[in-house]
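Novice: Below is a structure I'd like to ask you about.
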Amino acid sequence: MDLSTFLIQLLNAMQYGLLLFLLAAGLTLIFGIMGIINLAHGSFYMVGAYLAWSLSMQLGSLWLAIPAGIVLSVLLGIALEWLLIRRLYRLGHLQQVLLTYGLILIVEELRSIIWGDEVHGVPVPQLLSASIPLTDTLSYPVYRVWISAVCLLLALLLYVLIQRTRLGMTIRAGASNREMVQSLGIDIDLLYRFVFALGVALAAFAGMIAAPVSSVFPGMGNHVLILCFVVVVIGGIGSVKGALIGALLIGLVDTFGKVIEFKVGNFQLLPQLSGMSVYLLMAAVLLWRPAGLFGRNA
Amino acid sequence: MITRPRTVTLVALLLLIALVLLPLLAEKFTVQFATRILIMALFAMSLNLLVGSGGLVSLGHAAFFGIAGYCLALLSPPDHGANFWTSLPLSMMAAGALALVIGALVLRTSGIYFIMATLAFAQMLYFLLHDTGIAGGSDGIYIYVRPDANLFGWHPFDLEKFRDFYFVVLSVFVLVLIFLGALRASLFGRVIAGIRVNERRMRSLGFATLRYKLVCFVLAGILAGLAGYFSAAQFGVVNPDMLGWHLSGAALMMVILGGMGTLAGPALGAAVMLLLELGLQSLPAAGGIDLGKHWQLPMGIVIVLVALYLPAGIARRFGEADE
């Protein structure tokens with residue numbers, strides 16, 4: 001592999017990892033703070049991608065579709081929390097798994113009824129459709145660089161929100177002791193609703209900006225859901241920093257697992273077995289640190 | 001309510017009689033569908049041994065189900081059936097051996113990390129079978145002839161006949177039910193239940209909890225292999241989806257739906273899930289929406305309602321007690 005191919009793959013890995021981080025951050029916050037295992041998180045990613053497709057068709061531009069889609073996904077998050085999720089706090093993890101699994105089926109079928117089962121493409125916006133030439137033959141699309149930049153910015157904003165603001169302080173306090181925060185006069189229900197809507201919006205936003213590079217198709221949330229759980233578990237549940245490190249690791253392993261050739265004797269290990277690489281990484285991390293890289297030991 | 005256990009026994013007995021009479025009255029499709037329910041019930045019961053009894057929520061249980069199926073497929077010659085009496089124990093042993101290796105590794109973790117660790121190992125196997133050509137790749141392997149029950153020249157049953165197949169699966173189901181009931185009442189079952197409630201206490205009482213959990217994991221793997229063997233024999237094909245997380249997830253749904261930790265719950269959950277699937281698929285169109293095609297929508301709504309209003313599962317609703 002020469003340097004320019006390596007560079008392109010490295011940029012791809014970063015972009016993929018950062019996108020996964022947006023999803024995993026919401027998942028880890030919802031789990032770490034609210035104690036909810038949300039299997040339907042991948043469905044929100046799919047909803048985001050479909051919103052980007054249908055809204056940009058109707059409004060004429062992805063730039064208009066994204067803010068409209070964010071508003072809709074926040075509303076969806078608030079409605080779901082009010083209708084279903086808040087009833088789960090007093091139930092166990094298994095009921096949460098059951099309910100959010102049911103939610104996956106409902107969202108998937110509603111998607112099929114509303115938007116159909118076809119695969120769609122979303123055009124890259126004019127402004128970002130250029131490519132950066134690297135060598136005579138290779139170039140790198142600006143849009144992918146933009147995705148990475150936006151994700152990094154959001155990661156920074158999340159860090160500031162959680163570590164540096166009063167709201168973030170109450171969120172962190174709520175994660176470690178719900179009753180104490182409540183008895184100090186803070187409306188914990190409202191806080192939870194905010195966290196859940198934030199998680200939904202992050203997942204949907206990831207779907208929206210990913211739509212032009214990954215296309216929009218049924219079931220696109222399921223694969224991403226499992227990867228998100230892998231990221232969250234590698235990083236340690238509840239840790240946003242862990243989610244960032246985990247997501248970048250997964251991005252690197254997954255991307256380079258597909259392009260590196262690696263043979264043992266006559267048996268081609270990579271890229272043939274690249275599908276396994278992510279899970280191998282997770283298994284290795286869990287055997288080394290049973291509560292993830294940045295998790296508190298149970 | 002002193003009469004309750006007796007009512008439950010009576011209902012169970014009536015159900016068993018109905019299950020025995022079923023193939024004599026029903027046509028082929030119904031019998032085959034009932035066989036499928038019994039096989040999935042076996043699989044859900046094996047998972048319940050982990051989830052309900054030991055508190056070990058596994059999302060990779062299909063690995064053992066699938067590996068036994070693959071074992072049968074690899075043992076089956078293309079032109080005649082594998083020998084039932086050797087291929088069944090071999091397939092179960094393969095599942096057990098795999099469970100021993102995976103269990104020894106994943107039991108170091110707990111809680112949601114355990115869920116994810118079991119998922120990781122099952123997915124690794126899935127991709128190993130899916131992306132390499134070692135066992136037919138993503139297409140899988142066909143089993144052209146069902147296992148042959150020849151025992152030194154004597155044929156007690158013929159699995160190619162759908163009624164014989166049903167009765168063999170039903171017998172296995174009843175035997176496993178009795179075995180699990182006995183296991184629950186045994187010292188081993190009580191230690192496992194104790195570990196679920198408070199592992200530290202059991203350890204300080206002098207039980208090597210890790211070893212008990214590992215035995216439980218291997219036992220559950222072997223029983224899942226039993227179900228996988230019959231599933232592969234029934235459908236005549238194995239493919240990587242048999243090990244995928246969708247199947248592990250579906251089994252978990254059956255266990256929770258039926259009532260985890262109860263003896264009959266997982267079987268009840270399997271029956272309800274499969275019957276619901278069949279019933280919803282034949283729904284008519286309503287309000288311009290083809291509900292039969294979108295049957296997963298009402299299915300999802302039912303699952304959500306069960307999670308909210310029957311959190312302990314169906315079986316407990318009808319009086320089956322916790323251990």
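Chain labels run A, B, ... following the order of the structure tokens; each chain numbers its residues from 1, and ligands are numbered from 1 in the order shown.
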From a DSSP pass on the backbone, collect the residues of stretch 99-267 of chain B flagged as helix (DSSP H, G or I) and hand them back as a PyMOL selection string.
Specialist: chain B and resi 99-106+112-131+133-135+137-139+162-185+187-197+199-204+209-235+240-243+245-258+265-267
Novice: Starting from chain B, keep only residues with some atom at most 7 Å from an atom of chain A, counting only C-alpha atoms, and report them as a ChimeraX atom specification.
Specialist: /B:108-109,113,117,120,123-124,127-128,131-132,253,294,296-297,300-301,303-304,307,311
Novice: Using only C-alpha atoms, which residues of stretch 186-214 of chain B come within 12 Å of stretch 219-231 of chain B, and what is the closest atom pair for each, with the distance in Å to one decimal? Give it as a tab-separated table, sorted by chain and residue number.
Specialist:
```
residue	atom	partner	partner_atom	distance
B:Phe188	CA	B:Leu219	CA	11.8
B:Gly189	CA	B:Leu219	CA	11.9
B:Tyr212	CA	B:Leu219	CA	10.5
B:Lys213	CA	B:Leu219	CA	9.8
B:Leu214	CA	B:Leu219	CA	8.5
```
Novice: Take the residues from that selection and write them out as a PDB file, in the first residue's frame, keeping C-alpha atoms.
Specialist:
```
ATOM      1  CA  PHE B 188     -27.169 -27.724  41.202  1.00  0.00           C
ATOM      2  CA  GLY B 189     -30.344 -25.857  40.238  1.00  0.00           C
ATOM      3  CA  TYR B 212     -21.288 -23.753  38.365  1.00  0.00           C
ATOM      4  CA  LYS B 213     -21.965 -21.007  35.831  1.00  0.00           C
ATOM      5  CA  LEU B 214     -19.693 -22.716  33.311  1.00  0.00           C
TER       6      LEU B 214
END
```
Novice: Looking at B:Ile195, B:Ile289, B:Ala271, B:Met116, which one is nearest to A:Cys228, with distances taken over only C-alpha atoms?
Specialist: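 Going through B:Ile195, B:Ile289, B:Ala271, B:Met116 one by one, the smallest distance to A:Cys228 is for B:Met116.
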Novice: Select from stretch 23-243 of chain A everything DSSP, run on the backbone, classes as strand (DSSP E), then give the selection as a list in words.
Specialist: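 Listing strand (DSSP E) positions across stretch 23-243 of chain A yields Ser131, Ile132, Pro133, Ser139, Tyr140 and Pro141 of chain A.
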Novice: Next, dump the selected residues to file, keeping only C-alpha atoms, as a short mmCIF file (atom, residue, chain, number, x, y, z; two decimals), in the first residue's frame.
Specialist:
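Result saved to selection24.cif:
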```cif
data_model
loop_
_atom_site.label_atom_id
_atom_site.label_comp_id
_atom_site.auth_asym_id
_atom_site.auth_seq_id
_atom_site.Cartn_x
_atom_site.Cartn_y
_atom_site.Cartn_z
CA SER A 131 -12.73 16.61 -4.59
CA ILE A 132 -9.29 17.34 -3.24
CA PRO A 133 -6.66 15.97 -5.65
CA SER A 139 -8.54 12.41 -4.98
CA TYR A 140 -10.61 12.71 -1.84
CA PRO A 141 -14.19 14.06 -1.72
#
```
Novice: So that each row is one residue of stretch 86-165 of chain A with an atom at most 12 Å from stretch 53-66 of chain A, can you give its shortest atom pair and the distance in Å to one decimal, using only C-alpha atoms, rows by chain and rising number, as a Markdown table?
Specialist:
```
| residue | atom | partner | partner_atom | distance |
| --- | --- | --- | --- | --- |
| A:Arg111 | CA | A:Ser54 | CA | 11.6 |
| A:Ile114 | CA | A:Ser54 | CA | 10.4 |
| A:Trp115 | CA | A:Ser54 | CA | 8.2 |
| A:Gly116 | CA | A:Ser54 | CA | 11.3 |
| A:Glu118 | CA | A:Trp53 | CA | 11.8 |
| A:Val119 | CA | A:Trp53 | CA | 10.5 |
| A:His120 | CA | A:Trp53 | CA | 7.5 |
| A:Gly121 | CA | A:Trp53 | CA | 7.5 |
| A:Val122 | CA | A:Trp53 | CA | 5.8 |
| A:Pro123 | CA | A:Leu62 | CA | 8.4 |
| A:Val124 | CA | A:Leu62 | CA | 8.1 |
| A:Pro125 | CA | A:Leu62 | CA | 6.5 |
| A:Gln126 | CA | A:Ser61 | CA | 9.4 |
| A:Leu127 | CA | A:Trp63 | CA | 10.1 |
| A:Leu128 | CA | A:Trp63 | CA | 11.2 |
```
Novice: Pick out the closest residue to A:Leu198 from this set: A:Phe44, A:Tyr16, A:Phe294, A:Trp146. Count only C-alpha atoms.
Specialist: A:Phe44
Novice: Which is closer to B:Gly133 than all the others in B:His155, B:Leu21, B:Val197, B:Asn239, using only C-alpha atoms?
Specialist: B:Asn239
